[in-house]
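Engineer: This is the content of coords-v8.txt (compact mmCIF, N, CA and C atoms):
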# COMPACT_ATOMS: atom_id res chain seq x y z
N MET A 1 0.83 -1.17 0.00
CA MET A 1 0.00 0.00 0.00
C MET A 1 0.89 1.25 0.00
N ILE A 2 0.42 2.27 -0.69
CA ILE A 2 1.12 3.56 -0.74
C ILE A 2 0.16 4.63 -0.25
N TYR A 3 0.64 5.42 0.69
CA TYR A 3 -0.16 6.53 1.22
C TYR A 3 0.71 7.78 1.20
N VAL A 4 0.27 8.81 0.47
CA VAL A 4 1.00 10.06 0.35
C VAL A 4 0.08 11.19 0.76
N LYS A 5 0.57 12.06 1.65
CA LYS A 5 -0.25 13.18 2.13
C LYS A 5 0.57 14.46 2.10
N ASP A 6 0.03 15.47 1.43
CA ASP A 6 0.61 16.82 1.37
C ASP A 6 2.07 16.83 0.93
N LEU A 7 2.38 16.06 -0.09
CA LEU A 7 3.75 15.94 -0.58
C LEU A 7 4.16 17.19 -1.35
N SER A 8 5.32 17.72 -0.99
CA SER A 8 5.90 18.85 -1.72
C SER A 8 7.37 18.55 -1.98
N TYR A 9 7.81 18.92 -3.18
CA TYR A 9 9.20 18.69 -3.57
C TYR A 9 9.59 19.74 -4.59
N SER A 10 10.76 20.31 -4.39
CA SER A 10 11.29 21.31 -5.32
C SER A 10 12.66 20.88 -5.81
N TYR A 11 12.97 21.31 -7.01
CA TYR A 11 14.30 21.06 -7.57
C TYR A 11 14.85 22.41 -8.00
N ALA A 12 15.98 22.79 -7.42
CA ALA A 12 16.62 24.08 -7.73
C ALA A 12 15.63 25.23 -7.61
N LEU A 13 14.92 25.24 -6.52
CA LEU A 13 13.94 26.28 -6.19
C LEU A 13 12.68 26.26 -7.06
N GLU A 14 12.60 25.34 -8.01
CA GLU A 14 11.40 25.19 -8.83
C GLU A 14 10.52 24.10 -8.23
N PRO A 15 9.27 24.43 -7.86
CA PRO A 15 8.39 23.40 -7.30
C PRO A 15 8.03 22.36 -8.36
N ILE A 16 8.19 21.10 -7.98
CA ILE A 16 7.79 19.99 -8.84
C ILE A 16 6.41 19.49 -8.39
N PHE A 17 6.24 19.35 -7.07
CA PHE A 17 4.97 18.96 -6.46
C PHE A 17 4.66 19.92 -5.33
N SER A 18 3.39 20.14 -5.11
CA SER A 18 2.98 20.96 -3.97
C SER A 18 1.63 20.45 -3.46
N GLY A 19 1.62 19.94 -2.22
CA GLY A 19 0.37 19.51 -1.59
C GLY A 19 -0.28 18.29 -2.23
N VAL A 20 0.51 17.40 -2.79
CA VAL A 20 -0.02 16.21 -3.46
C VAL A 20 -0.41 15.14 -2.44
N SER A 21 -1.60 14.59 -2.58
CA SER A 21 -2.07 13.50 -1.72
C SER A 21 -2.73 12.43 -2.58
N PHE A 22 -2.44 11.17 -2.27
CA PHE A 22 -3.09 10.05 -2.95
C PHE A 22 -2.81 8.78 -2.16
N SER A 23 -3.56 7.74 -2.48
CA SER A 23 -3.28 6.42 -1.89
C SER A 23 -3.52 5.36 -2.95
N VAL A 24 -2.77 4.29 -2.83
CA VAL A 24 -2.92 3.12 -3.69
C VAL A 24 -3.04 1.94 -2.75
N THR A 25 -4.18 1.29 -2.78
CA THR A 25 -4.42 0.19 -1.86
C THR A 25 -3.95 -1.13 -2.45
N LYS A 26 -3.94 -2.14 -1.61
CA LYS A 26 -3.47 -3.47 -1.99
C LYS A 26 -4.23 -3.98 -3.22
N ASN A 27 -3.50 -4.63 -4.11
CA ASN A 27 -4.01 -5.25 -5.33
C ASN A 27 -4.49 -4.26 -6.38
N CYS A 28 -4.25 -2.97 -6.20
CA CYS A 28 -4.60 -1.97 -7.23
C CYS A 28 -3.46 -1.87 -8.24
N LYS A 29 -3.83 -1.61 -9.46
CA LYS A 29 -2.85 -1.34 -10.51
C LYS A 29 -3.10 0.10 -10.96
N VAL A 30 -2.02 0.87 -11.03
CA VAL A 30 -2.13 2.29 -11.32
C VAL A 30 -1.16 2.65 -12.43
N GLY A 31 -1.58 3.51 -13.32
CA GLY A 31 -0.71 4.04 -14.36
C GLY A 31 -0.43 5.51 -14.07
N LEU A 32 0.77 5.94 -14.38
CA LEU A 32 1.14 7.33 -14.18
C LEU A 32 1.59 7.88 -15.53
N VAL A 33 0.88 8.89 -16.01
CA VAL A 33 1.20 9.48 -17.31
C VAL A 33 1.39 10.99 -17.16
N GLY A 34 2.15 11.55 -18.04
CA GLY A 34 2.36 12.99 -18.04
C GLY A 34 3.47 13.34 -19.00
N PRO A 35 3.59 14.60 -19.36
CA PRO A 35 4.63 15.01 -20.30
C PRO A 35 6.02 14.90 -19.68
N ASN A 36 7.03 14.90 -20.54
CA ASN A 36 8.42 14.88 -20.07
C ASN A 36 8.65 16.06 -19.13
N GLY A 37 9.35 15.80 -18.04
CA GLY A 37 9.68 16.85 -17.10
C GLY A 37 8.60 17.19 -16.10
N SER A 38 7.52 16.42 -16.08
CA SER A 38 6.42 16.74 -15.16
C SER A 38 6.61 16.14 -13.77
N GLY A 39 7.63 15.29 -13.58
CA GLY A 39 7.93 14.77 -12.26
C GLY A 39 7.58 13.32 -12.01
N LYS A 40 7.29 12.56 -13.06
CA LYS A 40 6.94 11.15 -12.88
C LYS A 40 8.10 10.36 -12.25
N SER A 41 9.28 10.49 -12.82
CA SER A 41 10.44 9.78 -12.28
C SER A 41 10.80 10.28 -10.89
N THR A 42 10.65 11.56 -10.67
CA THR A 42 10.93 12.13 -9.34
C THR A 42 9.99 11.54 -8.31
N LEU A 43 8.72 11.38 -8.66
CA LEU A 43 7.76 10.78 -7.72
C LEU A 43 8.20 9.37 -7.35
N PHE A 44 8.62 8.59 -8.35
CA PHE A 44 9.07 7.23 -8.05
C PHE A 44 10.34 7.22 -7.20
N LYS A 45 11.23 8.16 -7.41
CA LYS A 45 12.43 8.26 -6.57
C LYS A 45 12.04 8.59 -5.13
N LEU A 46 11.03 9.42 -4.95
CA LEU A 46 10.55 9.74 -3.60
C LEU A 46 9.93 8.50 -2.95
N LEU A 47 9.15 7.76 -3.70
CA LEU A 47 8.52 6.54 -3.17
C LEU A 47 9.55 5.49 -2.81
N ALA A 48 10.64 5.42 -3.58
CA ALA A 48 11.70 4.45 -3.32
C ALA A 48 12.73 4.97 -2.32
N LYS A 49 12.50 6.15 -1.79
CA LYS A 49 13.37 6.79 -0.79
C LYS A 49 14.77 7.07 -1.33
N ARG A 50 14.87 7.31 -2.63
CA ARG A 50 16.13 7.74 -3.22
C ARG A 50 16.25 9.26 -3.16
N GLU A 51 15.12 9.91 -2.95
CA GLU A 51 15.05 11.36 -2.74
C GLU A 51 14.16 11.57 -1.51
N MET A 52 14.33 12.71 -0.86
CA MET A 52 13.51 13.05 0.31
C MET A 52 12.62 14.24 -0.03
N PRO A 53 11.34 14.19 0.38
CA PRO A 53 10.45 15.31 0.09
C PRO A 53 10.79 16.54 0.92
N ASP A 54 10.41 17.72 0.42
CA ASP A 54 10.56 18.95 1.19
C ASP A 54 9.56 18.94 2.36
N GLU A 55 8.35 18.49 2.07
CA GLU A 55 7.29 18.40 3.06
C GLU A 55 6.41 17.21 2.72
N GLY A 56 5.61 16.81 3.70
CA GLY A 56 4.63 15.76 3.46
C GLY A 56 5.02 14.43 4.06
N LYS A 57 4.13 13.50 3.88
CA LYS A 57 4.27 12.19 4.49
C LYS A 57 4.10 11.12 3.42
N ILE A 58 5.01 10.14 3.44
CA ILE A 58 4.92 8.99 2.54
C ILE A 58 5.00 7.74 3.40
N GLU A 59 3.97 6.90 3.32
CA GLU A 59 3.96 5.61 4.01
C GLU A 59 3.79 4.51 2.97
N ILE A 60 4.66 3.53 3.06
CA ILE A 60 4.61 2.41 2.11
C ILE A 60 4.67 1.10 2.87
N THR A 61 3.76 0.23 2.53
CA THR A 61 3.77 -1.12 3.07
C THR A 61 4.22 -2.05 1.95
N GLY A 62 5.37 -2.68 2.13
CA GLY A 62 5.89 -3.59 1.12
C GLY A 62 7.20 -3.10 0.56
N GLU A 63 7.86 -3.99 -0.14
CA GLU A 63 9.15 -3.69 -0.76
C GLU A 63 8.93 -2.97 -2.09
N VAL A 64 9.69 -1.90 -2.30
CA VAL A 64 9.62 -1.12 -3.53
C VAL A 64 10.85 -1.43 -4.37
N VAL A 65 10.64 -1.72 -5.64
CA VAL A 65 11.75 -1.89 -6.59
C VAL A 65 11.55 -0.88 -7.70
N LEU A 66 12.59 -0.14 -7.99
CA LEU A 66 12.54 0.91 -9.01
C LEU A 66 13.54 0.56 -10.11
N VAL A 67 13.05 0.54 -11.33
CA VAL A 67 13.92 0.34 -12.48
C VAL A 67 14.03 1.68 -13.19
N PRO A 68 15.24 2.21 -13.33
CA PRO A 68 15.37 3.51 -14.00
C PRO A 68 15.00 3.41 -15.48
N GLN A 69 14.69 4.57 -16.05
CA GLN A 69 14.33 4.60 -17.47
C GLN A 69 15.47 4.08 -18.34
N GLU A 70 16.68 4.41 -17.96
CA GLU A 70 17.85 3.95 -18.69
C GLU A 70 18.84 3.38 -17.68
N VAL A 71 19.39 2.24 -17.99
CA VAL A 71 20.39 1.63 -17.11
C VAL A 71 21.76 2.01 -17.66
N LYS A 72 22.22 3.19 -17.28
CA LYS A 72 23.54 3.64 -17.73
C LYS A 72 24.64 3.01 -16.91
N LYS A 73 24.43 2.95 -15.61
CA LYS A 73 25.44 2.37 -14.74
C LYS A 73 24.74 1.60 -13.63
N ASP A 74 24.84 0.30 -13.67
CA ASP A 74 24.27 -0.58 -12.66
C ASP A 74 25.44 -1.37 -12.08
N GLU A 75 25.84 -1.04 -10.87
CA GLU A 75 27.01 -1.67 -10.28
C GLU A 75 26.86 -3.18 -10.16
N VAL A 76 25.65 -3.64 -9.86
CA VAL A 76 25.43 -5.09 -9.75
C VAL A 76 25.62 -5.74 -11.12
N MET A 77 25.09 -5.10 -12.16
CA MET A 77 25.23 -5.64 -13.51
C MET A 77 26.70 -5.65 -13.92
N GLU A 78 27.42 -4.59 -13.59
CA GLU A 78 28.83 -4.49 -13.97
C GLU A 78 29.69 -5.55 -13.28
N CYS A 79 29.29 -5.98 -12.10
CA CYS A 79 30.06 -6.98 -11.35
C CYS A 79 29.63 -8.41 -11.66
N SER A 80 28.55 -8.56 -12.43
CA SER A 80 28.04 -9.90 -12.73
C SER A 80 28.76 -10.49 -13.94
N ASN A 81 29.24 -11.71 -13.78
CA ASN A 81 29.95 -12.40 -14.87
C ASN A 81 29.04 -12.81 -16.01
N ASN A 82 27.77 -13.08 -15.66
CA ASN A 82 26.84 -13.51 -16.68
C ASN A 82 25.42 -13.09 -16.31
N ILE A 83 24.50 -13.26 -17.25
CA ILE A 83 23.12 -12.84 -17.06
C ILE A 83 22.49 -13.57 -15.88
N ARG A 84 22.78 -14.86 -15.74
CA ARG A 84 22.20 -15.64 -14.65
C ARG A 84 22.61 -15.05 -13.30
N ALA A 85 23.89 -14.72 -13.13
CA ALA A 85 24.38 -14.17 -11.86
C ALA A 85 23.72 -12.83 -11.56
N TYR A 86 23.42 -12.05 -12.59
CA TYR A 86 22.75 -10.76 -12.39
C TYR A 86 21.30 -10.96 -11.99
N LEU A 87 20.60 -11.82 -12.71
CA LEU A 87 19.18 -12.03 -12.44
C LEU A 87 18.91 -12.74 -11.13
N ASP A 88 19.77 -13.68 -10.77
CA ASP A 88 19.50 -14.54 -9.62
C ASP A 88 20.79 -14.79 -8.83
N PRO A 89 21.31 -13.76 -8.15
CA PRO A 89 22.59 -13.93 -7.46
C PRO A 89 22.55 -14.96 -6.33
N LYS A 90 21.39 -15.20 -5.76
CA LYS A 90 21.26 -16.18 -4.66
C LYS A 90 20.94 -17.58 -5.17
N LYS A 91 20.85 -17.71 -6.48
CA LYS A 91 20.59 -19.01 -7.14
C LYS A 91 19.34 -19.69 -6.60
N GLN A 92 18.25 -18.92 -6.54
CA GLN A 92 16.98 -19.44 -6.03
C GLN A 92 16.01 -19.85 -7.14
N LYS A 93 16.32 -19.48 -8.37
CA LYS A 93 15.43 -19.75 -9.50
C LYS A 93 16.01 -20.84 -10.39
N GLN A 94 15.12 -21.55 -11.05
CA GLN A 94 15.52 -22.56 -12.03
C GLN A 94 15.83 -21.86 -13.36
N ASP A 95 16.68 -22.47 -14.17
CA ASP A 95 17.04 -21.89 -15.46
C ASP A 95 15.82 -21.61 -16.32
N PHE A 96 14.82 -22.51 -16.31
CA PHE A 96 13.66 -22.31 -17.16
C PHE A 96 12.88 -21.06 -16.74
N GLU A 97 12.87 -20.72 -15.44
CA GLU A 97 12.19 -19.50 -14.98
C GLU A 97 12.88 -18.26 -15.53
N LEU A 98 14.20 -18.27 -15.49
CA LEU A 98 14.98 -17.14 -15.97
C LEU A 98 14.85 -17.00 -17.49
N THR A 99 14.93 -18.12 -18.18
CA THR A 99 14.82 -18.13 -19.63
C THR A 99 13.43 -17.66 -20.06
N LYS A 100 12.40 -18.08 -19.34
CA LYS A 100 11.03 -17.66 -19.65
C LYS A 100 10.90 -16.14 -19.51
N MET A 101 11.51 -15.56 -18.49
CA MET A 101 11.46 -14.13 -18.28
C MET A 101 12.18 -13.40 -19.42
N LEU A 102 13.34 -13.90 -19.81
CA LEU A 102 14.08 -13.30 -20.92
C LEU A 102 13.24 -13.35 -22.20
N TYR A 103 12.61 -14.47 -22.45
CA TYR A 103 11.78 -14.64 -23.64
C TYR A 103 10.62 -13.64 -23.62
N GLY A 104 9.97 -13.49 -22.47
CA GLY A 104 8.85 -12.58 -22.35
C GLY A 104 9.22 -11.13 -22.59
N LEU A 105 10.49 -10.78 -22.35
CA LEU A 105 10.96 -9.41 -22.57
C LEU A 105 11.76 -9.29 -23.88
N GLU A 106 11.54 -10.25 -24.76
CA GLU A 106 12.17 -10.27 -26.09
C GLU A 106 13.69 -10.28 -26.03
N LEU A 107 14.22 -10.98 -25.04
CA LEU A 107 15.66 -11.22 -24.94
C LEU A 107 15.95 -12.71 -25.18
N ASN A 108 15.10 -13.35 -25.98
CA ASN A 108 15.19 -14.79 -26.19
C ASN A 108 16.43 -15.20 -26.97
N ASN A 109 17.13 -14.26 -27.58
CA ASN A 109 18.37 -14.61 -28.28
C ASN A 109 19.58 -14.53 -27.34
N LYS A 110 19.35 -14.26 -26.07
CA LYS A 110 20.43 -14.18 -25.09
C LYS A 110 20.46 -15.45 -24.25
N GLN A 111 21.67 -15.85 -23.88
CA GLN A 111 21.86 -17.05 -23.07
C GLN A 111 22.20 -16.62 -21.64
N LEU A 112 21.88 -17.47 -20.69
CA LEU A 112 22.14 -17.15 -19.29
C LEU A 112 23.62 -16.98 -18.97
N ASP A 113 24.49 -17.59 -19.79
CA ASP A 113 25.92 -17.45 -19.52
C ASP A 113 26.56 -16.29 -20.31
N ASP A 114 25.74 -15.52 -21.05
CA ASP A 114 26.25 -14.34 -21.75
C ASP A 114 26.59 -13.23 -20.74
N PRO A 115 27.65 -12.47 -20.97
CA PRO A 115 27.96 -11.34 -20.08
C PRO A 115 26.96 -10.19 -20.31
N PRO A 116 26.39 -9.64 -19.24
CA PRO A 116 25.39 -8.59 -19.42
C PRO A 116 25.95 -7.28 -19.95
N LEU A 117 27.24 -7.03 -19.77
CA LEU A 117 27.81 -5.78 -20.24
C LEU A 117 27.91 -5.69 -21.75
N GLN A 118 27.73 -6.82 -22.45
CA GLN A 118 27.77 -6.81 -23.91
C GLN A 118 26.41 -6.46 -24.51
N LEU A 119 25.40 -6.27 -23.67
CA LEU A 119 24.07 -5.95 -24.15
C LEU A 119 23.99 -4.47 -24.54
N SER A 120 23.04 -4.15 -25.41
CA SER A 120 22.80 -2.75 -25.77
C SER A 120 22.11 -2.06 -24.59
N GLY A 121 21.98 -0.75 -24.65
CA GLY A 121 21.32 -0.01 -23.57
C GLY A 121 19.89 -0.46 -23.35
N GLY A 122 19.14 -0.65 -24.43
CA GLY A 122 17.76 -1.12 -24.31
C GLY A 122 17.66 -2.52 -23.74
N GLN A 123 18.59 -3.38 -24.14
CA GLN A 123 18.60 -4.75 -23.61
C GLN A 123 18.96 -4.75 -22.12
N LYS A 124 19.86 -3.87 -21.71
CA LYS A 124 20.21 -3.77 -20.28
C LYS A 124 19.00 -3.32 -19.47
N THR A 125 18.23 -2.38 -20.03
CA THR A 125 17.02 -1.93 -19.34
C THR A 125 16.03 -3.09 -19.20
N LYS A 126 15.85 -3.86 -20.26
CA LYS A 126 14.97 -5.03 -20.18
C LYS A 126 15.48 -6.04 -19.16
N LEU A 127 16.78 -6.22 -19.09
CA LEU A 127 17.36 -7.14 -18.12
C LEU A 127 17.09 -6.65 -16.69
N ALA A 128 17.19 -5.32 -16.48
CA ALA A 128 16.89 -4.75 -15.15
C ALA A 128 15.42 -4.94 -14.81
N ILE A 129 14.53 -4.84 -15.79
CA ILE A 129 13.10 -5.10 -15.56
C ILE A 129 12.90 -6.57 -15.18
N ALA A 130 13.58 -7.47 -15.88
CA ALA A 130 13.48 -8.89 -15.55
C ALA A 130 13.92 -9.15 -14.12
N LYS A 131 15.03 -8.54 -13.71
CA LYS A 131 15.52 -8.71 -12.34
C LYS A 131 14.49 -8.23 -11.33
N ALA A 132 13.90 -7.07 -11.59
CA ALA A 132 12.89 -6.52 -10.68
C ALA A 132 11.68 -7.45 -10.58
N LEU A 133 11.24 -7.98 -11.71
CA LEU A 133 10.09 -8.88 -11.70
C LEU A 133 10.40 -10.19 -10.99
N LEU A 134 11.59 -10.71 -11.19
CA LEU A 134 11.99 -11.96 -10.53
C LEU A 134 12.15 -11.79 -9.02
N ASP A 135 12.45 -10.57 -8.57
CA ASP A 135 12.54 -10.30 -7.12
C ASP A 135 11.16 -10.32 -6.46
N GLU A 136 10.10 -10.25 -7.26
CA GLU A 136 8.72 -10.29 -6.79
C GLU A 136 8.41 -9.26 -5.70
N PRO A 137 8.70 -7.98 -5.96
CA PRO A 137 8.39 -6.95 -4.97
C PRO A 137 6.88 -6.71 -4.88
N GLU A 138 6.47 -6.13 -3.75
CA GLU A 138 5.06 -5.78 -3.62
C GLU A 138 4.74 -4.54 -4.46
N ILE A 139 5.72 -3.66 -4.60
CA ILE A 139 5.52 -2.42 -5.36
C ILE A 139 6.68 -2.26 -6.33
If you took the structure in this file and wrote it as structure tokens, what would it be?
Structural biologist:
Amino acid sequence: MIYVKDLSYSYALEPIFSGVSFSVTKNCKVGLVGPNGSGKSTLFKLLAKREMPDEGKIEITGEVVLVPQEVKKDEVMECSNNIRAYLDPKKQKQDFELTKMLYGLELNNKQLDDPPLQLSGGQKTKLAIAKALLDEPEI
């Protein structure tokens, strides 16, 4: 569950949000749309506690996983010898589960023993999405 009350956030003295309140209850699916620069990514950074609000209250029940729009530098990915090690470092998943996830994200031409750093930027982003989904976060 996500509960936000009177959220305010500014960047370089420019207000991004002011007095925003909303809630998302369990089992709800929500879409967030808006033009570039309207604060969508900033809101997610606030929810993931990567940024702190100027004012307001944010309460979250459950684990939050945030996948950036572009994976320019992912330290975990850079340290992983292969795709399998990146997706499942604790070795809790079967190969078919990982392969199924890759296939679903149109990475079916990639093998689990391929090095992730050889992927294109878009493929790295898809790989980060796969990792987030395999972690099974609540949010």
Engineer: Can you pull out the residues contacting region 90-105 of chain A? Cut-off 7 Å, using only N, CA and C atoms, and skip same-chain residues under 3 positions away; I want them as an MDAnalysis selection string.
Structural biologist: chainID A and resid 85 87 108:109 126 130
Engineer: Output N, CA and C atoms of each residue in that selection to a file, as a compact mmCIF listing (two decimals), keeping the file's coordinate frame.
Structural biologist:
# COMPACT_ATOMS: atom_id res chain seq x y z
N ALA A 85 23.89 -14.72 -13.13
CA ALA A 85 24.38 -14.17 -11.86
C ALA A 85 23.72 -12.83 -11.56
N LEU A 87 20.60 -11.82 -12.71
CA LEU A 87 19.18 -12.03 -12.44
C LEU A 87 18.91 -12.74 -11.13
N ASN A 108 15.10 -13.35 -25.98
CA ASN A 108 15.19 -14.79 -26.19
C ASN A 108 16.43 -15.20 -26.97
N ASN A 109 17.13 -14.26 -27.58
CA ASN A 109 18.37 -14.61 -28.28
C ASN A 109 19.58 -14.53 -27.34
N LYS A 126 15.85 -3.86 -20.26
CA LYS A 126 14.97 -5.03 -20.18
C LYS A 126 15.48 -6.04 -19.16
N ALA A 130 13.58 -7.47 -15.88
CA ALA A 130 13.48 -8.89 -15.55
C ALA A 130 13.92 -9.15 -14.12
Engineer: Might you pull out every residue within 8 Å of Val4 (chain A), with only N, CA and C atoms counted and same-chain residues fewer than 6 positions away left off, and present them as a list in words?
Structural biologist: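 Here the answer would be Gly19, Val20, Ser21, Phe22, Ser23, Val24, Gly56, Lys57, Ile58, Glu59 and Ile60 of chain A.
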Engineer: With distances taken over all atoms listed in the file, which of A:Asp114, A:Glu55, A:Lys45, A:Thr125 is nearest to Leu7 (chain A)?
Structural biologist: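 Using all atoms listed in the file, the shortest distance to Leu7 (chain A) belongs to A:Glu55.
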Engineer: Mind checking DSSP for chain A and telling me the alpha helix (DSSP H) residues as JSON, numbers by chain?
Structural biologist: {"A": [40, 41, 42, 43, 44, 45, 46, 47, 75, 76, 77, 78, 79, 83, 84, 85, 86, 87, 95, 96, 97, 98, 99, 100, 101, 102, 103, 104, 121, 122, 123, 124, 125, 126, 127, 128, 129, 130, 131, 132, 133, 134]}
Engineer: Generate a file of the selected residues that holds N, CA and C atoms, formatted as a tab-separated table (two decimals), in the coordinates of the input.
Structural biologist:
chain	number	residue	atom	x	y	z
A	40	LYS	N	7.29	12.56	-13.06
A	40	LYS	CA	6.94	11.15	-12.88
A	40	LYS	C	8.10	10.36	-12.25
A	41	SER	N	9.28	10.49	-12.82
A	41	SER	CA	10.44	9.78	-12.28
A	41	SER	C	10.80	10.28	-10.89
A	42	THR	N	10.65	11.56	-10.67
A	42	THR	CA	10.93	12.13	-9.34
A	42	THR	C	9.99	11.54	-8.31
A	43	LEU	N	8.72	11.38	-8.66
A	43	LEU	CA	7.76	10.78	-7.72
A	43	LEU	C	8.20	9.37	-7.35
A	44	PHE	N	8.62	8.59	-8.35
A	44	PHE	CA	9.07	7.23	-8.05
A	44	PHE	C	10.34	7.22	-7.20
A	45	LYS	N	11.23	8.16	-7.41
A	45	LYS	CA	12.43	8.26	-6.57
A	45	LYS	C	12.04	8.59	-5.13
A	46	LEU	N	11.03	9.42	-4.95
A	46	LEU	CA	10.55	9.74	-3.60
A	46	LEU	C	9.93	8.50	-2.95
A	47	LEU	N	9.15	7.76	-3.70
A	47	LEU	CA	8.52	6.54	-3.17
A	47	LEU	C	9.55	5.49	-2.81
A	75	GLU	N	25.84	-1.04	-10.87
A	75	GLU	CA	27.01	-1.67	-10.28
A	75	GLU	C	26.86	-3.18	-10.16
A	76	VAL	N	25.65	-3.64	-9.86
A	76	VAL	CA	25.43	-5.09	-9.75
A	76	VAL	C	25.62	-5.74	-11.12
A	77	MET	N	25.09	-5.10	-12.16
A	77	MET	CA	25.23	-5.64	-13.51
A	77	MET	C	26.70	-5.65	-13.92
A	78	GLU	N	27.42	-4.59	-13.59
A	78	GLU	CA	28.83	-4.49	-13.97
A	78	GLU	C	29.69	-5.55	-13.28
A	79	CYS	N	29.29	-5.98	-12.10
A	79	CYS	CA	30.06	-6.98	-11.35
A	79	CYS	C	29.63	-8.41	-11.66
A	83	ILE	N	24.50	-13.26	-17.25
A	83	ILE	CA	23.12	-12.84	-17.06
A	83	ILE	C	22.49	-13.57	-15.88
A	84	ARG	N	22.78	-14.86	-15.74
A	84	ARG	CA	22.20	-15.64	-14.65
A	84	ARG	C	22.61	-15.05	-13.30
A	85	ALA	N	23.89	-14.72	-13.13
A	85	ALA	CA	24.38	-14.17	-11.86
A	85	ALA	C	23.72	-12.83	-11.56
A	86	TYR	N	23.42	-12.05	-12.59
A	86	TYR	CA	22.75	-10.76	-12.39
A	86	TYR	C	21.30	-10.96	-11.99
A	87	LEU	N	20.60	-11.82	-12.71
A	87	LEU	CA	19.18	-12.03	-12.44
A	87	LEU	C	18.91	-12.74	-11.13
A	95	ASP	N	16.68	-22.47	-14.17
A	95	ASP	CA	17.04	-21.89	-15.46
A	95	ASP	C	15.82	-21.61	-16.32
A	96	PHE	N	14.82	-22.51	-16.31
A	96	PHE	CA	13.66	-22.31	-17.16
A	96	PHE	C	12.88	-21.06	-16.74
A	97	GLU	N	12.87	-20.72	-15.44
A	97	GLU	CA	12.19	-19.50	-14.98
A	97	GLU	C	12.88	-18.26	-15.53
A	98	LEU	N	14.20	-18.27	-15.49
A	98	LEU	CA	14.98	-17.14	-15.97
A	98	LEU	C	14.85	-17.00	-17.49
A	99	THR	N	14.93	-18.12	-18.18
A	99	THR	CA	14.82	-18.13	-19.63
A	99	THR	C	13.43	-17.66	-20.06
A	100	LYS	N	12.40	-18.08	-19.34
A	100	LYS	CA	11.03	-17.66	-19.65
A	100	LYS	C	10.90	-16.14	-19.51
A	101	MET	N	11.51	-15.56	-18.49
A	101	MET	CA	11.46	-14.13	-18.28
A	101	MET	C	12.18	-13.40	-19.42
A	102	LEU	N	13.34	-13.90	-19.81
A	102	LEU	CA	14.08	-13.30	-20.92
A	102	LEU	C	13.24	-13.35	-22.20
A	103	TYR	N	12.61	-14.47	-22.45
A	103	TYR	CA	11.78	-14.64	-23.64
A	103	TYR	C	10.62	-13.64	-23.62
A	104	GLY	N	9.97	-13.49	-22.47
A	104	GLY	CA	8.85	-12.58	-22.35
A	104	GLY	C	9.22	-11.13	-22.59
A	121	GLY	N	21.98	-0.75	-24.65
A	121	GLY	CA	21.32	-0.01	-23.57
A	121	GLY	C	19.89	-0.46	-23.35
A	122	GLY	N	19.14	-0.65	-24.43
A	122	GLY	CA	17.76	-1.12	-24.31
A	122	GLY	C	17.66	-2.52	-23.74
A	123	GLN	N	18.59	-3.38	-24.14
A	123	GLN	CA	18.60	-4.75	-23.61
A	123	GLN	C	18.96	-4.75	-22.12
A	124	LYS	N	19.86	-3.87	-21.71
A	124	LYS	CA	20.21	-3.77	-20.28
A	124	LYS	C	19.00	-3.32	-19.47
A	125	THR	N	18.23	-2.38	-20.03
A	125	THR	CA	17.02	-1.93	-19.34
A	125	THR	C	16.03	-3.09	-19.20
A	126	LYS	N	15.85	-3.86	-20.26
A	126	LYS	CA	14.97	-5.03	-20.18
A	126	LYS	C	15.48	-6.04	-19.16
A	127	LEU	N	16.78	-6.22	-19.09
A	127	LEU	CA	17.36	-7.14	-18.12
A	127	LEU	C	17.09	-6.65	-16.69
A	128	ALA	N	17.19	-5.32	-16.48
A	128	ALA	CA	16.89	-4.75	-15.15
A	128	ALA	C	15.42	-4.94	-14.81
A	129	ILE	N	14.53	-4.84	-15.79
A	129	ILE	CA	13.10	-5.10	-15.56
A	129	ILE	C	12.90	-6.57	-15.18
A	130	ALA	N	13.58	-7.47	-15.88
A	130	ALA	CA	13.48	-8.89	-15.55
A	130	ALA	C	13.92	-9.15	-14.12
A	131	LYS	N	15.03	-8.54	-13.71
A	131	LYS	CA	15.52	-8.71	-12.34
A	131	LYS	C	14.49	-8.23	-11.33
A	132	ALA	N	13.90	-7.07	-11.59
A	132	ALA	CA	12.89	-6.52	-10.68
A	132	ALA	C	11.68	-7.45	-10.58
A	133	LEU	N	11.24	-7.98	-11.71
A	133	LEU	CA	10.09	-8.88	-11.70
A	133	LEU	C	10.40	-10.19	-10.99
A	134	LEU	N	11.59	-10.71	-11.19
A	134	LEU	CA	11.99	-11.96	-10.53
A	134	LEU	C	12.15	-11.79	-9.02
Engineer: With all atoms listed in the file as the counted atoms, please give the residues lying no more than 8 Å from region 66-78 of chain A, apart from itself and same-chain residues fewer than 5 positions off, as a PyMOL selection string.
Structural biologist: chain A and resi 41+44-45+48+85-87+115-117+121-122+124-126+128-129+132+139
Engineer: To one decimal place, how far is atom C of Glu136 (chain A) from CA of Glu63 (chain A) in Å?
Structural biologist: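 It comes out at 7.5 Å.
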Engineer: Atom C of Ser80 (chain A) to atom C of Lys131 (chain A): how many Å, to one decimal?
Structural biologist: 14.7 Å
Engineer: Provide the CA of Ser120 (chain A) to CA of Val30 (chain A) distance in Å, to one decimal place.
Structural biologist: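 Between CA of Ser120 (chain A) and CA of Val30 (chain A) the gap works out to 29.3 Å.
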